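Novice: Below is the file data08.txt, with compact mmCIF, C-alpha atoms.
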```
# COMPACT_ATOMS: atom_id res chain seq x y z
CA MET B 1 -27.19 -60.15 -9.94
CA LYS B 2 -29.87 -60.84 -12.53
CA GLU B 3 -29.92 -64.48 -13.48
CA ILE B 4 -32.86 -66.81 -14.24
CA MET B 5 -32.55 -70.00 -12.19
CA THR B 6 -34.62 -73.02 -11.24
CA ILE B 7 -35.57 -73.59 -7.61
CA LYS B 8 -33.04 -76.45 -7.42
CA GLU B 9 -30.24 -74.12 -8.61
CA ILE B 10 -31.36 -71.45 -6.13
CA GLU B 11 -31.39 -73.95 -3.24
CA ALA B 12 -27.92 -75.24 -4.18
CA ARG B 13 -26.31 -71.82 -4.57
CA PHE B 14 -28.00 -69.77 -1.83
CA ASP B 15 -28.27 -72.15 1.14
CA SER B 16 -29.30 -70.32 4.35
CA GLU B 17 -30.01 -67.08 2.48
CA TRP B 18 -32.99 -64.93 1.57
CA VAL B 19 -33.55 -64.56 -2.18
CA LEU B 20 -35.54 -61.93 -4.11
CA LEU B 21 -36.99 -63.25 -7.39
CA LYS B 22 -38.43 -61.20 -10.24
CA ASN B 23 -41.15 -62.82 -12.39
CA PRO B 24 -41.24 -66.02 -10.34
CA VAL B 25 -42.38 -69.15 -12.14
CA ALA B 26 -44.99 -70.93 -10.02
CA THR B 27 -47.41 -73.85 -10.18
CA GLU B 28 -51.17 -73.42 -9.86
CA SER B 29 -50.79 -74.02 -6.13
CA LEU B 30 -48.19 -71.16 -6.03
CA GLU B 31 -45.19 -73.43 -5.44
CA ILE B 32 -42.16 -71.48 -6.70
CA LYS B 33 -40.28 -73.28 -9.49
CA GLY B 34 -37.74 -70.55 -10.34
CA GLY B 35 -37.29 -66.98 -11.50
CA GLU B 36 -34.86 -64.14 -12.09
CA VAL B 37 -32.63 -63.67 -9.04
CA LEU B 38 -32.37 -59.96 -8.26
CA CYS B 39 -30.49 -60.23 -4.98
CA HIS B 40 -29.67 -62.57 -2.09
CA SER B 41 -28.38 -62.16 1.43
CA GLN B 42 -28.28 -63.84 4.83
CA ASP B 43 -29.87 -60.61 6.12
CA ARG B 44 -33.63 -60.66 5.49
CA ASP B 45 -33.93 -56.90 5.96
CA GLU B 46 -31.35 -56.28 3.22
CA VAL B 47 -33.43 -58.29 0.74
CA TYR B 48 -36.61 -56.44 1.72
CA ARG B 49 -34.82 -53.07 1.32
CA LYS B 50 -33.69 -54.11 -2.16
CA ALA B 51 -37.25 -55.15 -3.05
CA ARG B 52 -38.54 -51.70 -1.97
CA GLU B 53 -35.76 -50.03 -3.97
CA LEU B 54 -36.29 -52.03 -7.17
CA ARG B 55 -40.09 -52.37 -6.90
CA PRO B 56 -40.42 -55.34 -9.25
CA LYS B 57 -43.96 -55.70 -10.60
CA HIS B 58 -44.06 -59.47 -9.94
CA SER B 59 -41.77 -60.86 -7.26
CA ALA B 60 -41.26 -63.44 -4.54
CA ILE B 61 -38.96 -63.56 -1.54
CA LEU B 62 -37.71 -66.99 -0.48
CA CYS B 63 -35.93 -68.24 2.61
CA VAL B 64 -33.64 -71.01 1.37
CA LYS B 65 -32.82 -73.14 4.38
CA GLN B 66 -32.79 -76.83 5.16
CA PHE B 67 -34.63 -77.54 8.40
CA ASP B 68 -34.37 -80.57 10.68
CA GLU B 69 -37.33 -82.90 11.02
CA ASP B 70 -37.68 -81.73 14.63
CA SER B 71 -38.05 -78.04 13.66
CA ILE B 72 -41.17 -76.25 14.88
CA PHE B 73 -42.66 -73.24 13.08
CA VAL B 74 -45.00 -70.65 14.49
CA LEU B 75 -46.92 -68.59 11.93
```
Would you write out, as structure tokens, the structure that this file holds?
Specialist:
Amino acid sequence: MKEIMTIKEIEARFDSEWVLLKNPVATESLEIKGGEVLCHSQDRDEVYRKARELRPKHSAILCVKQFDEDSIFVL
């Protein structure tokens, strides 16, 4: 799949999936606004394997998931 999409289109189409973008469009604060979708999967490792295989020069990997207000994240 190689399709240029906005972040809203990506969120609508790939809910609960990992998405690999080529040439991501971002704001100055690095907020992703869209890009060329190279692949997507519910399996994070599959997306990372595809990124290593394709080796895009400029890329981003997104986790598209809606979280509850009560969600806690540990970084």
Novice: Using all atoms listed in the file, which of B:Ile4, B:Ile32, B:Leu62, B:Leu54 sits nearest Trp18 in chain B?
Specialist: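 Smallest distance to Trp18 in chain B is found for B:Leu62.
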Novice: Any idea what the distance is between CA of His58 in chain B and CA of Val74 in chain B?
Specialist: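 According to the coordinates, CA of His58 in chain B and CA of Val74 in chain B are separated by 26.9 Å.
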Novice: List the residues sitting within 12 Å of (-34.3, -73.3, 7.1) in the file's frame, using all atoms listed in the file, as a list in words.
Specialist: Glu11, Phe14, Asp15, Ser16, Glu17, Trp18, Gln42, Leu62, Cys63, Val64, Lys65, Gln66, Phe67, Asp68, Glu69, Asp70, Ser71, Ile72 and Phe73 of chain B
Novice: With distances taken over only C-alpha atoms, which residue among B:Ala51, B:Ile10, B:Leu75, B:Ala60 lies nearest Leu30 in chain B?
Specialist: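 When distances to Leu30 in chain B are compared using only C-alpha atoms, the smallest one comes from B:Ala60.
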Novice: Which is closest to Thr6 in chain B among B:Ser41, B:Glu28, B:Leu20, B:Lys33, if we use all atoms listed in the file?
Specialist: B:Lys33
Novice: Take CA of Ile7 in chain B and CA of Glu31 in chain B and report the distance between them in Å, one decimal.
Specialist: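 Result for CA of Ile7 in chain B versus CA of Glu31 in chain B: 9.9 Å, one decimal.
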Novice: With distances taken over all atoms listed in the file, which residue among B:Ala26, B:Val47, B:Ile61, B:Val37 lies nearest Glu9 in chain B?
Specialist: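 Checking each of B:Ala26, B:Val47, B:Ile61, B:Val37 against Glu9 in chain B, counting all atoms listed in the file, the winner is B:Val37.
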Novice: For each of B:Ser59, B:Met5, B:Arg52, B:Arg13, take the minimum atom-to-atom distance to Gly35 in chain B, counting all atoms listed in the file, then give the residue where this is smallest.
Specialist: B:Met5
Novice: CA of Glu3 in chain B and CA of Arg49 in chain B, how far apart in Å?
Specialist: 19.3 Å
